[in-house]
Amino acid sequence: MTERTYSAPHGGHPPQTDLLTDRAMFTEAYAVIPRGTMRDIVTSRLPFWDDTRLWVLARPLSGFAETFSQYIMEVGPGGGSDRPETASGVEGVLFLMEGALTLTLEGEEHELVPGGYAYLPPESEWTVRNHGGEPARFHWIRKAYEYVRGIEVPEPVVANEQDVEPTPMPGTNGRWATTRFVDPDDVRHDMHVTIVTFEPGGVIPFAETHVMEHGLYVLEGKAVYRLNQDWVEVEAGDFMWLRAFCPQACYAGGPGRFRYLLYKDVHRQMKLA
């Protein structure tokens with residue numbers, strides 16, 4: 001089994017001697033939040049979470065990306081929440097990068113280790129606790145579930161990417177592959193959170209231009225990403241936030257694999273109101 005690595009922020013502050021120059025940018029079509037911007041000063045807290053802070057990477061904004069929020073959670077030893085989700089009708093995905101986390105979902109305990117994934121259906125009963133000796137750092141992606149009459153709500157899913165075989169994209173000889181935790185054709189799901197992997201030299205060979213919004217968090221490696229009309233260098237720990245129809249492509253220049261956690265909204269009629 002190939003060893004997986006995950007880049008997670010640890011906060012802190014840069015010294016006064018550092019230059020201000022950075023790769024952070026926010027445009028009408030996309031945003032890039034480099035890892036160096038995820039400092040102590042921009043963390044937040046949430047109600048009913050103990051010994052926990054978070055970085056907010058994305059939230060719905062009118063005229064930009066409107067379907068999801070994405071956090072990086074940092075839960076200290078002994079911390080966690082017995083009431084993590086305070087809104088109704090909200091589904092979620094957890095993806096653990098560092099540490100260990102005990103997830104109790106519908107009364108069943110699951111021990112998440114790095115690479116651990118959990119899909120949390122709307123209105124599900126769940127709690128999380130860090131019983132380890134080190135902070136647990138994980139993504140929490142939230143979306144208001146779009147109910148459809150006659151379509152059942154999906155069941156919970158708990159998995160680890162080490163146990164999921166990536167699916168190569170056709171015609172790429174395995175240079176571009178996607179790790180999928182749920183059936184991509186299952187219309188009960190209105191969002192997908194996957195891991196995309198490029199081997200050195202792998203490319204998205206056209207400018208994808210589509211209705212799905214994206215959150216892309218770089219787990220490993222580096223690449224040059226085409227966003228709208230710009231080529232942007234990104235590396236492990238960076239986050240890219242794309243509104244609908246933002247043209248996108250990438251070139252993984254190496255020397256190692258380029259991997260990112262990807263959110264997109266899927267499988268629903270377009271709202272006309």
# chains A, B, ... in the order shown; residues from 1 in each chain; ligands from 1
$ select_by_dssp --residues "stretch 42-187 of chain A" --states "helix (DSSP H, G or I)" --output "ChimeraX atom specification"
/A:42,161-163
$ residues_around --residues "A:Arg243" --least-positions-apart "6" --cutoff "6 Å" --atoms "only C-alpha atoms" --output "VMD selection string"
chain A and resid 29 64 to 65 213
$ closest_atom_pairs --of "stretch 62-150 of chain A" --to "stretch 43-57 of chain A" --cutoff "7 Å" --atoms "only C-alpha atoms" --output "tab-separated table"
residue	atom	partner	partner_atom	distance
A:Gln70	CA	A:Leu57	CA	5.4
A:Tyr71	CA	A:Val56	CA	4.6
A:Ile72	CA	A:Trp55	CA	5.2
A:Met73	CA	A:Leu54	CA	4.4
A:Glu74	CA	A:Arg53	CA	5.4
A:Val75	CA	A:Thr52	CA	4.4
A:Gly76	CA	A:Asp51	CA	5.4
A:Gly79	CA	A:Asp51	CA	4.8
A:Gly80	CA	A:Asp50	CA	5.3
A:Ser81	CA	A:Trp49	CA	4.6
A:Arg83	CA	A:Phe48	CA	6.0
A:Pro84	CA	A:Phe48	CA	6.6
$ residues_around --residues "A:Glu208" --least-positions-apart "3" --cutoff "7 Å" --atoms "only C-alpha atoms" --output "list in words"
Pro247, Gln248 and Ala249 of chain A
$ closest_atom_pairs --of "stretch 19-112 of chain A" --to "stretch 218-228 of chain A" --cutoff "10 Å" --atoms "only C-alpha atoms" --output "JSON lines"
{"residue": "A:Thr27", "atom": "CA", "partner": "A:Asn228", "partner_atom": "CA", "distance": 9.5}
{"residue": "A:Glu28", "atom": "CA", "partner": "A:Asn228", "partner_atom": "CA", "distance": 9.6}
{"residue": "A:Ala29", "atom": "CA", "partner": "A:Asn228", "partner_atom": "CA", "distance": 6.7}
{"residue": "A:Tyr30", "atom": "CA", "partner": "A:Leu227", "partner_atom": "CA", "distance": 7.0}
{"residue": "A:Ala31", "atom": "CA", "partner": "A:Leu227", "partner_atom": "CA", "distance": 9.1}
{"residue": "A:Val32", "atom": "CA", "partner": "A:Leu227", "partner_atom": "CA", "distance": 9.6}
{"residue": "A:Pro34", "atom": "CA", "partner": "A:Val218", "partner_atom": "CA", "distance": 9.8}
{"residue": "A:Arg35", "atom": "CA", "partner": "A:Val218", "partner_atom": "CA", "distance": 9.4}
{"residue": "A:Met97", "atom": "CA", "partner": "A:Leu219", "partner_atom": "CA", "distance": 8.5}
$ residues_around --residues "A:Val203" --least-positions-apart "6" --cutoff "12 Å" --atoms "only C-alpha atoms" --output "PyMOL selection string"
chain A and resi 169+171-177+196-197+223-226+248-254+257-258
$ write_last_selection --atoms "C-alpha atoms" --output "CSV table (one decimal), in the first residue's frame"
chain,number,residue,atom,x,y,z
A,169,MET,CA,-9.5,8.6,-15.8
A,171,GLY,CA,-6.9,7.4,-21.6
A,172,THR,CA,-4.5,8.6,-18.9
A,173,ASN,CA,-2.6,5.4,-18.2
A,174,GLY,CA,-3.2,6.0,-14.5
A,175,ARG,CA,-1.6,9.5,-14.4
A,176,TRP,CA,-4.9,11.0,-13.4
A,177,ALA,CA,-7.2,9.1,-11.0
A,196,VAL,CA,-7.9,13.5,-7.1
A,197,THR,CA,-4.4,12.3,-7.8
A,223,ALA,CA,1.2,21.9,-9.6
A,224,VAL,CA,0.4,24.8,-11.8
A,225,TYR,CA,-3.4,25.3,-12.0
A,226,ARG,CA,-5.2,27.2,-14.7
A,248,GLN,CA,-10.0,25.1,-14.8
A,249,ALA,CA,-7.1,22.8,-15.8
A,250,CYS,CA,-3.8,21.8,-14.3
A,251,TYR,CA,-0.3,20.5,-15.0
A,252,ALA,CA,1.4,18.4,-12.3
A,253,GLY,CA,5.1,19.2,-12.7
A,254,GLY,CA,6.3,17.0,-9.9
A,257,ARG,CA,2.3,13.2,-6.8
A,258,PHE,CA,-0.1,16.1,-6.7
$ select_by_dssp --residues "stretch 45-161 of chain A" --states "strand (DSSP E)" --output "PyMOL selection string"
chain A and resi 50-58+69-81+90-98+101-105+108-112+116-120+126-129+136-144+157-160
$ closest_residue --among "A:Ala273, A:Ala58, A:Met212, A:Val113" --to "A:Met240" --atoms "only C-alpha atoms"
A:Ala58
$ residues_around --residues "A:Pro166" --least-positions-apart "2" --cutoff "7 Å" --atoms "only C-alpha atoms" --output "VMD selection string"
chain A and resid 164 168 177 to 179
$ closest_residue --among "A:Glu233, A:Asp40, A:Glu134, A:Asp190" --to "A:Ala100" --atoms "only C-alpha atoms"
A:Glu134
$ closest_residue --among "A:His192, A:Gly201, A:Met25, A:Asp18" --to "A:Asp230" --atoms "only C-alpha atoms"
A:Met25
